[in-house]
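The structure under discussion appears below in the form of structure tokens.
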Amino acid sequence: MALYSAAAAVLAGLERGDGGLKTLVYNSRFPRVRQLYALVSETLRYSPVLDALLAGAALLQAEKKLPPQLAKVLVYDLLFGKGLQCGGRWKALARRHRTRLQAELARLKVQRKVSRNEDLLAPAEGASPGAPQLPRYVRVNTLKTCVDDVIDFFKRQGYSYLGKASSVEELSSLSGKKFLLDLHLPELLVFPPQTDFHNNQLYTSGHIILQDKASCLPAFLLSPATGSHVIDACAAPGNKTSHVAAILKNKGQIFAFDLDTKRLATMNTMLMRAGVTSFELAQQDFLKVDPRDSKYSKVTYILLDPSCSGSGMVNRVPTEEAAPSAERLQALAGFQRKILNHALSFPAVRRLAYSTCSVHQEENEDVVHAVLQEQGSAFRLVNVLPSWPCRGLATFPGAECCLRASPADTLTNGFFVAVLERCGEEAAVPSSLPTAAEDCTWPSSASGRDLSCCTHCCTTSLGLHD
């Protein structure tokens with residue numbers, strides 16, 4: 001019952017405006033924050049449907065002592081989730097009304113002319129009607145296992161492996177207990193939408209990481225060489241950090257920064273479960289870290305995923321701002337430019353991946369362009385993953401080197417990634433990317449002289465499982 005009580009408390013806090021979803025979940029005392037976050041997120045996603053069911057079944061009128069937030073959580077798990085995972089009077093209460101609730105659900109489907117529960121959900125804001133649901137992406141944690149062993153495990157659980165995907169369209173057609181190997185990322189498995197692995201043995205043991213494909217891009221494209229020193233500047237909750245550690249094969253050193261104590265504590269637990277060993281967590285504002293500190297003299301790679309509007313997230317909760325104001329975007333972009341310039345000031349840094357889960361040009365191409373101009377000819381963009389279908393908006397010469405992601409085009413959350421590399425480092429920066437990267441380079445300066453773009457190829461080495 002503790003899970004449902006905690007979820008109801010988070011919902012109540014959201015209604016009061018006590019904070020955002022992640023803040024309230026991390027500030028709760030519930031020990032399994034990921035489980036709590038998943039339950040609250042899904043309850044919020046089904047919130048309009050749950051309101052209709054509660055009203056139709058007159059549940060709150062019949063059970064006057066049942067808090068409405070708790071009623072929503074219980075009914076979600078009863079009808080749409082894994083089934084009630086509690087005992088006591090609340091479970092007995094929900095079961096008393098189960099037949100009526102199921103009848104209301106059936107009536108609602110007939111009324112809306114749909115057959116599946118998912119079809120009751122309204123499209124996300126900004127999404128076109130009938131937009132595809134995102135698949136369940138599963139990153140294999142190569143610190144503990146390998147892709148072939150995970151595939152064999154799922155086969156033994158009754159899943160059917162269809163091989164490596166050949167197109168994004170193939171990913172969208174997954175159903176039932178079928179899964180594919182992703183066509184871009186060699187350690188990413190793809191399952192049908194809504195596939196739930198939170199109680200799966202591989203997830204609870206840290207052998208797999210549940211992570212959206214777009215969120216896997218920054219570490220994959222940063223591609224630090226084994227043994228490198230890496231900074232993860234805005235690290236919590238830690239999925240990208242664990243991905244970097246896997247690419248490093250736990251050899252080298254990761255310095256991870258975040259300001260929130262509880263998020264860092266949760267991150268530490270997550271990294272330990274994932275088998276990450278060579279890391280150092282710091283509760284510190286990355287902007288206040290001294291680039292000249294000898295501790296960071298060997299840092300050659302930086303992962304930078306700063307605070308952003310989050311406008312690309314498909315399952316944004318209703319209480320979060322859907323369309324940030326121009327003032328908000330300007331403030332975010334100012335912070336992002338500042339922290340990107342700060343990251344590039346580390347004297348040994350050779351390669352940096354900048355990413356956001358925003359769809360706004362102000363936080364993406366505009367930030368990268370401004371910083372490149374401020375840096376003069378010190379850094380250039382790298383044209384990573386040429387096979388990726390969505391490129392940066394053509395707002396400046398070379399912007400096509402950047403990547404964009406979207407639900408419609410790539411079956412992921414909305415995302416942006418740019419990889420910057422110090423000029424003159426072609427031979428000095430080893431890479432584990434499986435394909436050759438093309439560098440988009442141009443001279444630039446704060447003086448505003450014309451920018452020109454040229455490309456040339458640099459060879460990379462193969463260092464990832466296929």
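Starting from 1 in every chain, residues are counted up; chains themselves are A, B, ... following the order of the structure tokens, and ligands are numbered from 1 as listed.
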Contact residues around segment 260-264 of chain A with only C-alpha atoms at 7 Å, ignoring same-chain residues under 4 positions, as a ChimeraX atom specification: /A:26,236-237,268,283
Keeping only C-alpha atoms, write those residues as a JSON list (two decimals), in the first residue's frame.
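File written: out-v6.json
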[["chain", "number", "residue", "atom", "x", "y", "z"],
["A", 26, "TYR", "CA", 12.64, 12.45, -5.47],
["A", 236, "ALA", "CA", 21.25, 12.90, -12.54],
["A", 237, "PRO", "CA", 19.39, 10.59, -12.81],
["A", 268, "ASN", "CA", 24.58, 6.52, -6.87],
["A", 283, "GLN", "CA", 26.95, 17.85, -5.34]]
Residue list (strand (DSSP E or B), DSSP) for segment 91-308 of chain A, as a ChimeraX atom specification: /A:136-140,160-164,178-181,188-191,208-210,229-232,253-258,279-283,299-304
What's the 8 Å shell around segment 76-83 of chain A, counting only C-alpha atoms, without same-chain residues fewer than 2 positions away, as a PDB file with all heavy atoms, in the first residue's frame?
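New file around.pdb:
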ATOM      1  N   THR A  43      -0.463   7.185 -14.448  1.00  0.00           N
ATOM      2  CA  THR A  43      -1.748   7.651 -13.914  1.00  0.00           C
ATOM      3  C   THR A  43      -2.098   9.012 -14.494  1.00  0.00           C
ATOM      4  O   THR A  43      -3.248   9.271 -14.880  1.00  0.00           O
ATOM      5  CB  THR A  43      -1.698   7.716 -12.378  1.00  0.00           C
ATOM      6  OG1 THR A  43      -1.380   6.419 -11.853  1.00  0.00           O
ATOM      7  CG2 THR A  43      -3.041   8.160 -11.806  1.00  0.00           C
ATOM      8  N   TYR A  46      -3.265   8.737 -18.115  1.00  0.00           N
ATOM      9  CA  TYR A  46      -4.641   8.244 -18.236  1.00  0.00           C
ATOM     10  C   TYR A  46      -5.638   9.104 -17.460  1.00  0.00           C
ATOM     11  O   TYR A  46      -6.804   8.728 -17.339  1.00  0.00           O
ATOM     12  CB  TYR A  46      -4.725   6.802 -17.729  1.00  0.00           C
ATOM     13  CG  TYR A  46      -4.353   5.763 -18.756  1.00  0.00           C
ATOM     14  CD1 TYR A  46      -3.043   5.363 -18.933  1.00  0.00           C
ATOM     15  CD2 TYR A  46      -5.326   5.173 -19.573  1.00  0.00           C
ATOM     16  CE1 TYR A  46      -2.689   4.406 -19.877  1.00  0.00           C
ATOM     17  CE2 TYR A  46      -5.000   4.208 -20.512  1.00  0.00           C
ATOM     18  CZ  TYR A  46      -3.671   3.836 -20.668  1.00  0.00           C
ATOM     19  OH  TYR A  46      -3.343   2.897 -21.600  1.00  0.00           O
ATOM     20  N   LEU A  50      -9.468   8.235 -16.491  1.00  0.00           N
ATOM     21  CA  LEU A  50      -9.793   7.858 -15.111  1.00  0.00           C
ATOM     22  C   LEU A  50     -10.880   8.752 -14.538  1.00  0.00           C
ATOM     23  O   LEU A  50     -11.769   8.281 -13.807  1.00  0.00           O
ATOM     24  CB  LEU A  50      -8.528   7.927 -14.243  1.00  0.00           C
ATOM     25  CG  LEU A  50      -7.434   6.913 -14.603  1.00  0.00           C
ATOM     26  CD1 LEU A  50      -6.140   7.243 -13.872  1.00  0.00           C
ATOM     27  CD2 LEU A  50      -7.883   5.498 -14.264  1.00  0.00           C
ATOM     28  N   LYS A  72      -7.661   7.431  -8.153  1.00  0.00           N
ATOM     29  CA  LYS A  72      -7.089   7.397  -9.506  1.00  0.00           C
ATOM     30  C   LYS A  72      -5.976   6.358  -9.625  1.00  0.00           C
ATOM     31  O   LYS A  72      -5.917   5.588 -10.586  1.00  0.00           O
ATOM     32  CB  LYS A  72      -6.550   8.775  -9.883  1.00  0.00           C
ATOM     33  CG  LYS A  72      -7.563   9.716 -10.474  1.00  0.00           C
ATOM     34  CD  LYS A  72      -6.855  10.938 -11.052  1.00  0.00           C
ATOM     35  CE  LYS A  72      -7.837  11.831 -11.759  1.00  0.00           C
ATOM     36  NZ  LYS A  72      -7.169  13.003 -12.390  1.00  0.00           N
ATOM     37  N   VAL A  73      -5.092   6.346  -8.643  1.00  0.00           N
ATOM     38  CA  VAL A  73      -3.958   5.421  -8.688  1.00  0.00           C
ATOM     39  C   VAL A  73      -4.448   3.978  -8.631  1.00  0.00           C
ATOM     40  O   VAL A  73      -3.982   3.120  -9.383  1.00  0.00           O
ATOM     41  CB  VAL A  73      -2.983   5.718  -7.531  1.00  0.00           C
ATOM     42  CG1 VAL A  73      -1.877   4.687  -7.494  1.00  0.00           C
ATOM     43  CG2 VAL A  73      -2.389   7.119  -7.675  1.00  0.00           C
ATOM     44  N   LEU A  74      -5.376   3.711  -7.734  1.00  0.00           N
ATOM     45  CA  LEU A  74      -5.898   2.354  -7.580  1.00  0.00           C
ATOM     46  C   LEU A  74      -6.615   1.889  -8.846  1.00  0.00           C
ATOM     47  O   LEU A  74      -6.413   0.756  -9.312  1.00  0.00           O
ATOM     48  CB  LEU A  74      -6.843   2.283  -6.381  1.00  0.00           C
ATOM     49  CG  LEU A  74      -6.206   2.431  -4.992  1.00  0.00           C
ATOM     50  CD1 LEU A  74      -7.290   2.562  -3.928  1.00  0.00           C
ATOM     51  CD2 LEU A  74      -5.306   1.249  -4.676  1.00  0.00           C
ATOM     52  N   GLN A  85      -1.431  -4.279  -6.381  1.00  0.00           N
ATOM     53  CA  GLN A  85      -0.314  -4.928  -5.692  1.00  0.00           C
ATOM     54  C   GLN A  85      -0.317  -4.555  -4.214  1.00  0.00           C
ATOM     55  O   GLN A  85       0.716  -4.220  -3.641  1.00  0.00           O
ATOM     56  CB  GLN A  85       1.008  -4.486  -6.335  1.00  0.00           C
ATOM     57  CG  GLN A  85       1.064  -4.777  -7.821  1.00  0.00           C
ATOM     58  CD  GLN A  85       2.298  -4.201  -8.469  1.00  0.00           C
ATOM     59  OE1 GLN A  85       3.421  -4.532  -8.094  1.00  0.00           O
ATOM     60  NE2 GLN A  85       2.106  -3.332  -9.445  1.00  0.00           N
ATOM     61  N   ALA A  94     -11.540  -1.503  -3.903  1.00  0.00           N
ATOM     62  CA  ALA A  94     -11.420  -1.451  -5.359  1.00  0.00           C
ATOM     63  C   ALA A  94     -12.047  -2.677  -5.997  1.00  0.00           C
ATOM     64  O   ALA A  94     -12.712  -2.589  -7.047  1.00  0.00           O
ATOM     65  CB  ALA A  94      -9.951  -1.327  -5.752  1.00  0.00           C
ATOM     66  N   ARG A  98     -14.936  -3.309  -8.930  1.00  0.00           N
ATOM     67  CA  ARG A  98     -14.260  -3.682 -10.166  1.00  0.00           C
ATOM     68  C   ARG A  98     -15.237  -3.939 -11.310  1.00  0.00           C
ATOM     69  O   ARG A  98     -15.043  -3.465 -12.432  1.00  0.00           O
ATOM     70  CB  ARG A  98     -13.382  -4.914  -9.946  1.00  0.00           C
ATOM     71  CG  ARG A  98     -12.690  -5.386 -11.226  1.00  0.00           C
ATOM     72  CD  ARG A  98     -11.580  -6.354 -10.944  1.00  0.00           C
ATOM     73  NE  ARG A  98     -12.023  -7.487 -10.141  1.00  0.00           N
ATOM     74  CZ  ARG A  98     -11.201  -8.402  -9.640  1.00  0.00           C
ATOM     75  NH1 ARG A  98      -9.883  -8.304  -9.861  1.00  0.00           N
ATOM     76  NH2 ARG A  98     -11.663  -9.406  -8.924  1.00  0.00           N
ATOM     77  N   GLN A 102     -15.199  -1.915 -14.748  1.00  0.00           N
ATOM     78  CA  GLN A 102     -14.950  -2.580 -16.028  1.00  0.00           C
ATOM     79  C   GLN A 102     -16.091  -2.330 -17.007  1.00  0.00           C
ATOM     80  O   GLN A 102     -15.859  -2.160 -18.214  1.00  0.00           O
ATOM     81  CB  GLN A 102     -14.751  -4.078 -15.802  1.00  0.00           C
ATOM     82  CG  GLN A 102     -13.431  -4.417 -15.116  1.00  0.00           C
ATOM     83  CD  GLN A 102     -13.319  -5.879 -14.739  1.00  0.00           C
ATOM     84  OE1 GLN A 102     -14.329  -6.549 -14.501  1.00  0.00           O
ATOM     85  NE2 GLN A 102     -12.091  -6.380 -14.656  1.00  0.00           N
ATOM     86  N   ASN A 117      -7.274   0.009 -24.979  1.00  0.00           N
ATOM     87  CA  ASN A 117      -7.168   1.013 -23.922  1.00  0.00           C
ATOM     88  C   ASN A 117      -6.369   2.220 -24.381  1.00  0.00           C
ATOM     89  O   ASN A 117      -6.717   3.373 -24.094  1.00  0.00           O
ATOM     90  CB  ASN A 117      -6.503   0.406 -22.683  1.00  0.00           C
ATOM     91  CG  ASN A 117      -7.360  -0.635 -21.992  1.00  0.00           C
ATOM     92  OD1 ASN A 117      -8.580  -0.640 -22.146  1.00  0.00           O
ATOM     93  ND2 ASN A 117      -6.730  -1.529 -21.251  1.00  0.00           N
TER      94      ASN A 117
END
For Gln373 of chain A, the nearest of the candidates A:Phe255, A:Trp388, A:Tyr354, A:Phe396, counting only C-alpha atoms: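 That would be A:Phe396, the residue with the smallest distance to Gln373 of chain A.
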Best match for closeness to Lys338 of chain A among A:Val368, A:Leu66, A:Ala326, A:Val75, counting only C-alpha atoms: A:Val368
Spatial neighbours of Glu365 of chain A, max dist 9 Å, only C-alpha atoms, sep filter under 4 positions, as an NGL selection string: :A and (360-361 or 369-370 or 392-396 or 399 or 402 or 416 or 418)
Close residues, Ala55 of chain A itself excluded, 12 Å, only C-alpha atoms, min 4 positions apart in chain, as a list in words: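 So the residues in contact are Pro48, Val49, Leu50, Asp51, Leu59, Leu60, Gln61, Ala62, Pro68, Ala71, Lys72, Arg100, Leu101, Glu104, Leu105 and Leu108 of chain A.
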Since we have the selection now, will you write its residues out, keeping all heavy atoms, as a short mmCIF file (atom, residue, chain, number, x, y, z; two decimals), in the first residue's frame?
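As a result, result07.cif now contains:
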data_model
loop_
_atom_site.label_atom_id
_atom_site.label_comp_id
_atom_site.auth_asym_id
_atom_site.auth_seq_id
_atom_site.Cartn_x
_atom_site.Cartn_y
_atom_site.Cartn_z
N PRO A 48 -7.53 11.88 -17.82
CA PRO A 48 -8.88 12.17 -18.32
C PRO A 48 -9.76 10.93 -18.40
O PRO A 48 -10.97 10.99 -18.14
CB PRO A 48 -8.62 12.76 -19.72
CG PRO A 48 -7.20 13.24 -19.69
CD PRO A 48 -6.49 12.28 -18.79
N VAL A 49 -9.18 9.80 -18.78
CA VAL A 49 -9.94 8.55 -18.85
C VAL A 49 -10.38 8.12 -17.44
O VAL A 49 -11.52 7.72 -17.23
CB VAL A 49 -9.10 7.44 -19.51
CG1 VAL A 49 -9.87 6.12 -19.54
CG2 VAL A 49 -8.68 7.86 -20.90
N LEU A 50 -9.47 8.24 -16.49
CA LEU A 50 -9.79 7.86 -15.11
C LEU A 50 -10.88 8.75 -14.54
O LEU A 50 -11.77 8.28 -13.81
CB LEU A 50 -8.53 7.93 -14.24
CG LEU A 50 -7.43 6.91 -14.60
CD1 LEU A 50 -6.14 7.24 -13.87
CD2 LEU A 50 -7.88 5.50 -14.26
N ASP A 51 -10.84 10.06 -14.86
CA ASP A 51 -11.90 10.96 -14.40
C ASP A 51 -13.26 10.51 -14.91
O ASP A 51 -14.26 10.51 -14.17
CB ASP A 51 -11.61 12.39 -14.87
CG ASP A 51 -10.47 13.05 -14.10
OD1 ASP A 51 -10.21 12.64 -12.95
OD2 ASP A 51 -9.83 13.97 -14.66
N LEU A 59 -17.79 6.31 -8.06
CA LEU A 59 -16.98 5.68 -7.01
C LEU A 59 -16.76 6.61 -5.82
O LEU A 59 -16.88 6.20 -4.66
CB LEU A 59 -15.63 5.24 -7.59
CG LEU A 59 -14.66 4.57 -6.63
CD1 LEU A 59 -15.28 3.29 -6.05
CD2 LEU A 59 -13.35 4.24 -7.33
N LEU A 60 -16.44 7.87 -6.10
CA LEU A 60 -16.14 8.80 -5.00
C LEU A 60 -17.40 9.13 -4.20
O LEU A 60 -17.30 9.43 -3.00
CB LEU A 60 -15.50 10.08 -5.56
CG LEU A 60 -14.14 9.87 -6.23
CD1 LEU A 60 -13.63 11.19 -6.82
CD2 LEU A 60 -13.12 9.32 -5.24
N GLN A 61 -18.55 9.09 -4.84
CA GLN A 61 -19.80 9.31 -4.10
C GLN A 61 -20.11 8.12 -3.20
O GLN A 61 -20.60 8.29 -2.08
CB GLN A 61 -20.96 9.55 -5.08
CG GLN A 61 -20.91 10.88 -5.81
CD GLN A 61 -19.96 10.89 -6.98
OE1 GLN A 61 -19.31 9.87 -7.26
NE2 GLN A 61 -19.88 12.02 -7.68
N ALA A 62 -19.79 6.92 -3.68
CA ALA A 62 -20.06 5.72 -2.90
C ALA A 62 -19.05 5.53 -1.78
O ALA A 62 -19.38 4.98 -0.72
CB ALA A 62 -20.08 4.50 -3.81
N PRO A 68 -9.53 11.33 -3.73
CA PRO A 68 -9.62 11.19 -5.19
C PRO A 68 -8.29 10.82 -5.85
O PRO A 68 -8.27 10.08 -6.83
CB PRO A 68 -10.10 12.58 -5.65
CG PRO A 68 -9.87 13.50 -4.49
CD PRO A 68 -9.97 12.66 -3.27
N ALA A 71 -7.85 7.19 -5.36
CA ALA A 71 -8.80 6.48 -6.22
C ALA A 71 -8.24 6.35 -7.64
O ALA A 71 -8.32 5.28 -8.26
CB ALA A 71 -10.14 7.22 -6.24
N LYS A 72 -7.66 7.43 -8.15
CA LYS A 72 -7.09 7.40 -9.51
C LYS A 72 -5.98 6.36 -9.62
O LYS A 72 -5.92 5.59 -10.59
CB LYS A 72 -6.55 8.78 -9.88
CG LYS A 72 -7.56 9.72 -10.47
CD LYS A 72 -6.86 10.94 -11.05
CE LYS A 72 -7.84 11.83 -11.76
NZ LYS A 72 -7.17 13.00 -12.39
N ARG A 100 -18.24 -2.84 -11.85
CA ARG A 100 -18.85 -1.60 -12.34
C ARG A 100 -17.83 -0.77 -13.12
O ARG A 100 -18.15 -0.18 -14.16
CB ARG A 100 -19.41 -0.80 -11.17
CG ARG A 100 -20.25 0.38 -11.60
CD ARG A 100 -21.03 0.95 -10.44
NE ARG A 100 -21.90 2.03 -10.86
CZ ARG A 100 -22.71 2.70 -10.05
NH1 ARG A 100 -22.75 2.37 -8.76
NH2 ARG A 100 -23.47 3.67 -10.50
N LEU A 101 -16.59 -0.71 -12.64
CA LEU A 101 -15.55 0.04 -13.33
C LEU A 101 -15.24 -0.57 -14.70
O LEU A 101 -15.05 0.14 -15.69
CB LEU A 101 -14.29 0.10 -12.48
CG LEU A 101 -14.34 1.02 -11.26
CD1 LEU A 101 -13.19 0.70 -10.30
CD2 LEU A 101 -14.27 2.48 -11.69
N GLU A 104 -17.96 0.37 -17.04
CA GLU A 104 -17.79 1.75 -17.48
C GLU A 104 -16.70 1.88 -18.53
O GLU A 104 -16.82 2.65 -19.50
CB GLU A 104 -17.46 2.65 -16.29
CG GLU A 104 -18.66 3.07 -15.47
CD GLU A 104 -19.68 3.87 -16.28
OE1 GLU A 104 -19.26 4.77 -17.04
OE2 GLU A 104 -20.88 3.57 -16.18
N LEU A 105 -15.62 1.10 -18.36
CA LEU A 105 -14.54 1.12 -19.34
C LEU A 105 -15.03 0.59 -20.69
O LEU A 105 -14.74 1.18 -21.75
CB LEU A 105 -13.37 0.27 -18.84
CG LEU A 105 -12.18 0.12 -19.78
CD1 LEU A 105 -11.58 1.48 -20.14
CD2 LEU A 105 -11.11 -0.79 -19.15
N LEU A 108 -17.24 3.19 -22.30
CA LEU A 108 -16.46 4.32 -22.81
C LEU A 108 -15.81 3.97 -24.16
O LEU A 108 -15.76 4.79 -25.08
CB LEU A 108 -15.38 4.70 -21.79
CG LEU A 108 -14.66 6.04 -22.00
CD1 LEU A 108 -15.65 7.20 -21.95
CD2 LEU A 108 -13.57 6.22 -20.94
#
Given only C-alpha atoms as the counted atoms, nearest of A:Pro386, A:Ala331, A:Arg112, A:Met272 to Cys401 of chain A: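 Using only C-alpha atoms, Cys401 of chain A sits closest to A:Pro386.
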Segment 223-456 of chain A: residues DSSP assigns to alpha helix (DSSP H), reported as a PyMOL selection string: chain A and resi 239-248+261-273+326-344+365-374+407-410
Non-local contacts of segment 304-306 of chain A (7 Å; only C-alpha atoms; under 5 positions in same chain excluded) as JSON, numbers by chain: {"A": [232, 233, 234, 336, 353, 354, 355, 356]}
Store the residues picked out above in a file with all heavy atoms, as a tab-separated table (two decimals), in the first residue's frame.
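again.tsv, written as the output of this step:
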chain	number	residue	atom	x	y	z
A	232	ASP	N	30.49	14.38	-16.80
A	232	ASP	CA	29.05	14.46	-17.06
A	232	ASP	C	28.56	15.64	-16.25
A	232	ASP	O	28.43	15.57	-15.03
A	232	ASP	CB	28.36	13.16	-16.65
A	232	ASP	CG	26.90	13.12	-17.11
A	232	ASP	OD1	26.39	14.16	-17.52
A	232	ASP	OD2	26.29	12.03	-17.04
A	233	ALA	N	28.31	16.77	-16.92
A	233	ALA	CA	28.15	18.04	-16.23
A	233	ALA	C	26.82	18.18	-15.50
A	233	ALA	O	26.74	18.86	-14.48
A	233	ALA	CB	28.32	19.19	-17.22
A	234	CYS	N	25.76	17.57	-16.02
A	234	CYS	CA	24.42	17.66	-15.41
A	234	CYS	C	23.89	16.24	-15.37
A	234	CYS	O	23.09	15.84	-16.22
A	234	CYS	CB	23.52	18.58	-16.22
A	234	CYS	SG	24.23	20.20	-16.58
A	336	GLN	N	22.20	28.04	-21.09
A	336	GLN	CA	22.81	26.98	-21.90
A	336	GLN	C	24.07	27.47	-22.61
A	336	GLN	O	25.07	26.74	-22.68
A	336	GLN	CB	21.77	26.45	-22.90
A	336	GLN	CG	20.64	25.67	-22.22
A	336	GLN	CD	19.34	25.71	-23.00
A	336	GLN	OE1	19.21	26.40	-24.02
A	336	GLN	NE2	18.34	24.99	-22.50
A	353	ALA	N	29.67	16.52	-26.26
A	353	ALA	CA	28.32	16.29	-26.79
A	353	ALA	C	27.35	17.18	-26.03
A	353	ALA	O	27.24	17.09	-24.80
A	353	ALA	CB	27.93	14.82	-26.64
A	354	TYR	N	26.67	18.05	-26.75
A	354	TYR	CA	25.66	18.95	-26.17
A	354	TYR	C	24.29	18.43	-26.59
A	354	TYR	O	24.04	18.17	-27.77
A	354	TYR	CB	25.86	20.38	-26.69
A	354	TYR	CG	24.74	21.33	-26.33
A	354	TYR	CD1	24.69	21.92	-25.06
A	354	TYR	CD2	23.73	21.64	-27.24
A	354	TYR	CE1	23.65	22.79	-24.73
A	354	TYR	CE2	22.70	22.50	-26.91
A	354	TYR	CZ	22.67	23.08	-25.65
A	354	TYR	OH	21.64	23.94	-25.31
A	355	SER	N	23.39	18.28	-25.62
A	355	SER	CA	22.07	17.74	-25.95
A	355	SER	C	20.99	18.40	-25.12
A	355	SER	O	21.23	18.89	-24.01
A	355	SER	CB	22.04	16.22	-25.72
A	355	SER	OG	22.28	15.89	-24.38
A	356	THR	N	19.78	18.42	-25.67
A	356	THR	CA	18.59	18.85	-24.92
A	356	THR	C	17.43	17.96	-25.33
A	356	THR	O	17.44	17.34	-26.40
A	356	THR	CB	18.19	20.31	-25.23
A	356	THR	OG1	17.59	20.38	-26.53
A	356	THR	CG2	19.39	21.26	-25.17
Shortest interatomic distance to Asp290 of chain A - which of A:Ser345, A:Gln35, A:Gln201, A:Gln253, counting only C-alpha atoms: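 Comparing A:Ser345, A:Gln35, A:Gln201, A:Gln253 against Asp290 of chain A, the winner is A:Ser345.
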Which residues are near Met270 of chain A? Cut-off 9 Å, only C-alpha atoms, ignore same chain within fewer than 2 positions. Put them as a CSV table (one decimal) with all heavy atoms, in the first residue's frame.
chain,number,residue,atom,x,y,z
A,206,GLY,N,20.1,-4.7,-13.0
A,206,GLY,CA,21.0,-3.7,-13.7
A,206,GLY,C,21.6,-4.2,-15.0
A,206,GLY,O,22.4,-3.6,-15.6
A,237,PRO,N,19.4,11.7,-13.7
A,237,PRO,CA,19.4,10.6,-12.8
A,237,PRO,C,20.4,9.5,-13.1
A,237,PRO,O,20.5,8.5,-12.4
A,237,PRO,CB,18.0,10.0,-13.0
A,237,PRO,CG,17.7,10.4,-14.4
A,237,PRO,CD,18.3,11.7,-14.7
A,238,GLY,N,21.2,9.6,-14.2
A,238,GLY,CA,22.4,8.8,-14.3
A,238,GLY,C,22.4,7.8,-15.5
A,238,GLY,O,23.3,7.0,-15.7
A,239,ASN,N,21.3,7.8,-16.3
A,239,ASN,CA,21.3,6.8,-17.4
A,239,ASN,C,22.4,7.1,-18.4
A,239,ASN,O,23.1,6.2,-18.9
A,239,ASN,CB,19.9,6.9,-18.2
A,239,ASN,CG,18.8,6.2,-17.4
A,239,ASN,OD1,19.1,5.3,-16.6
A,239,ASN,ND2,17.6,6.5,-17.8
A,242,SER,N,25.8,6.0,-16.9
A,242,SER,CA,26.1,4.6,-17.0
A,242,SER,C,26.4,4.2,-18.4
A,242,SER,O,27.2,3.2,-18.6
A,242,SER,CB,24.8,3.8,-16.4
A,242,SER,OG,23.7,3.9,-17.3
A,265,ALA,N,21.9,10.8,-4.7
A,265,ALA,CA,21.8,9.6,-3.9
A,265,ALA,C,21.1,8.5,-4.7
A,265,ALA,O,21.6,7.3,-4.7
A,265,ALA,CB,21.0,9.8,-2.6
A,266,THR,N,20.0,8.8,-5.4
A,266,THR,CA,19.4,7.9,-6.3
A,266,THR,C,20.3,7.5,-7.4
A,266,THR,O,20.3,6.3,-7.8
A,266,THR,CB,18.1,8.5,-6.8
A,266,THR,OG1,17.2,8.9,-5.7
A,266,THR,CG2,17.3,7.5,-7.7
A,267,MET,N,21.0,8.4,-7.9
A,267,MET,CA,21.9,8.1,-9.0
A,267,MET,C,23.0,7.2,-8.6
A,267,MET,O,23.4,6.3,-9.3
A,267,MET,CB,22.5,9.4,-9.5
A,267,MET,CG,23.5,9.3,-10.7
A,267,MET,SD,24.1,10.9,-11.2
A,267,MET,CE,25.4,10.4,-12.3
A,268,ASN,N,23.5,7.4,-7.4
A,268,ASN,CA,24.6,6.5,-6.9
A,268,ASN,C,24.1,5.1,-6.8
A,268,ASN,O,24.8,4.1,-7.2
A,268,ASN,CB,25.0,7.0,-5.5
A,268,ASN,CG,26.2,6.2,-5.0
A,268,ASN,OD1,27.3,6.2,-5.5
A,268,ASN,ND2,25.9,5.4,-3.9
A,272,MET,N,25.6,1.9,-9.0
A,272,MET,CA,26.1,0.7,-8.3
A,272,MET,C,25.4,-0.5,-8.9
A,272,MET,O,26.0,-1.5,-9.1
A,272,MET,CB,25.9,0.9,-6.8
A,272,MET,CG,26.7,2.0,-6.2
A,272,MET,SD,28.5,1.8,-6.4
A,272,MET,CE,28.8,0.4,-5.2
A,273,ARG,N,24.1,-0.4,-9.1
A,273,ARG,CA,23.3,-1.5,-9.6
A,273,ARG,C,23.7,-1.9,-11.0
A,273,ARG,O,23.7,-3.0,-11.4
A,273,ARG,CB,21.8,-1.2,-9.6
A,273,ARG,CG,20.9,-2.3,-10.0
A,273,ARG,CD,19.4,-2.0,-9.9
A,273,ARG,NE,19.1,-0.9,-10.8
A,273,ARG,CZ,17.9,-0.3,-10.9
A,273,ARG,NH1,17.0,-0.5,-10.0
A,273,ARG,NH2,17.7,0.7,-11.8
A,274,ALA,N,24.1,-0.8,-11.8
A,274,ALA,CA,24.6,-1.0,-13.1
A,274,ALA,C,26.0,-1.5,-13.2
A,274,ALA,O,26.5,-1.8,-14.3
A,274,ALA,CB,24.4,0.2,-13.9
A,275,GLY,N,26.7,-1.6,-12.1
A,275,GLY,CA,28.1,-2.1,-12.1
A,275,GLY,C,29.1,-1.1,-12.5
A,275,GLY,O,30.2,-1.4,-12.9
A,276,VAL,N,28.8,0.2,-12.4
A,276,VAL,CA,29.7,1.3,-12.7
A,276,VAL,C,30.7,1.4,-11.5
A,276,VAL,O,30.2,1.5,-10.3
A,276,VAL,CB,29.0,2.6,-13.0
A,276,VAL,CG1,30.0,3.7,-13.3
A,276,VAL,CG2,28.0,2.4,-14.1
Straight-line distance linking atom CA of Val417 of chain A with atom CA of Ala225 of chain A, stated in Å to one decimal: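 Those two atoms sit 19.3 Å apart.
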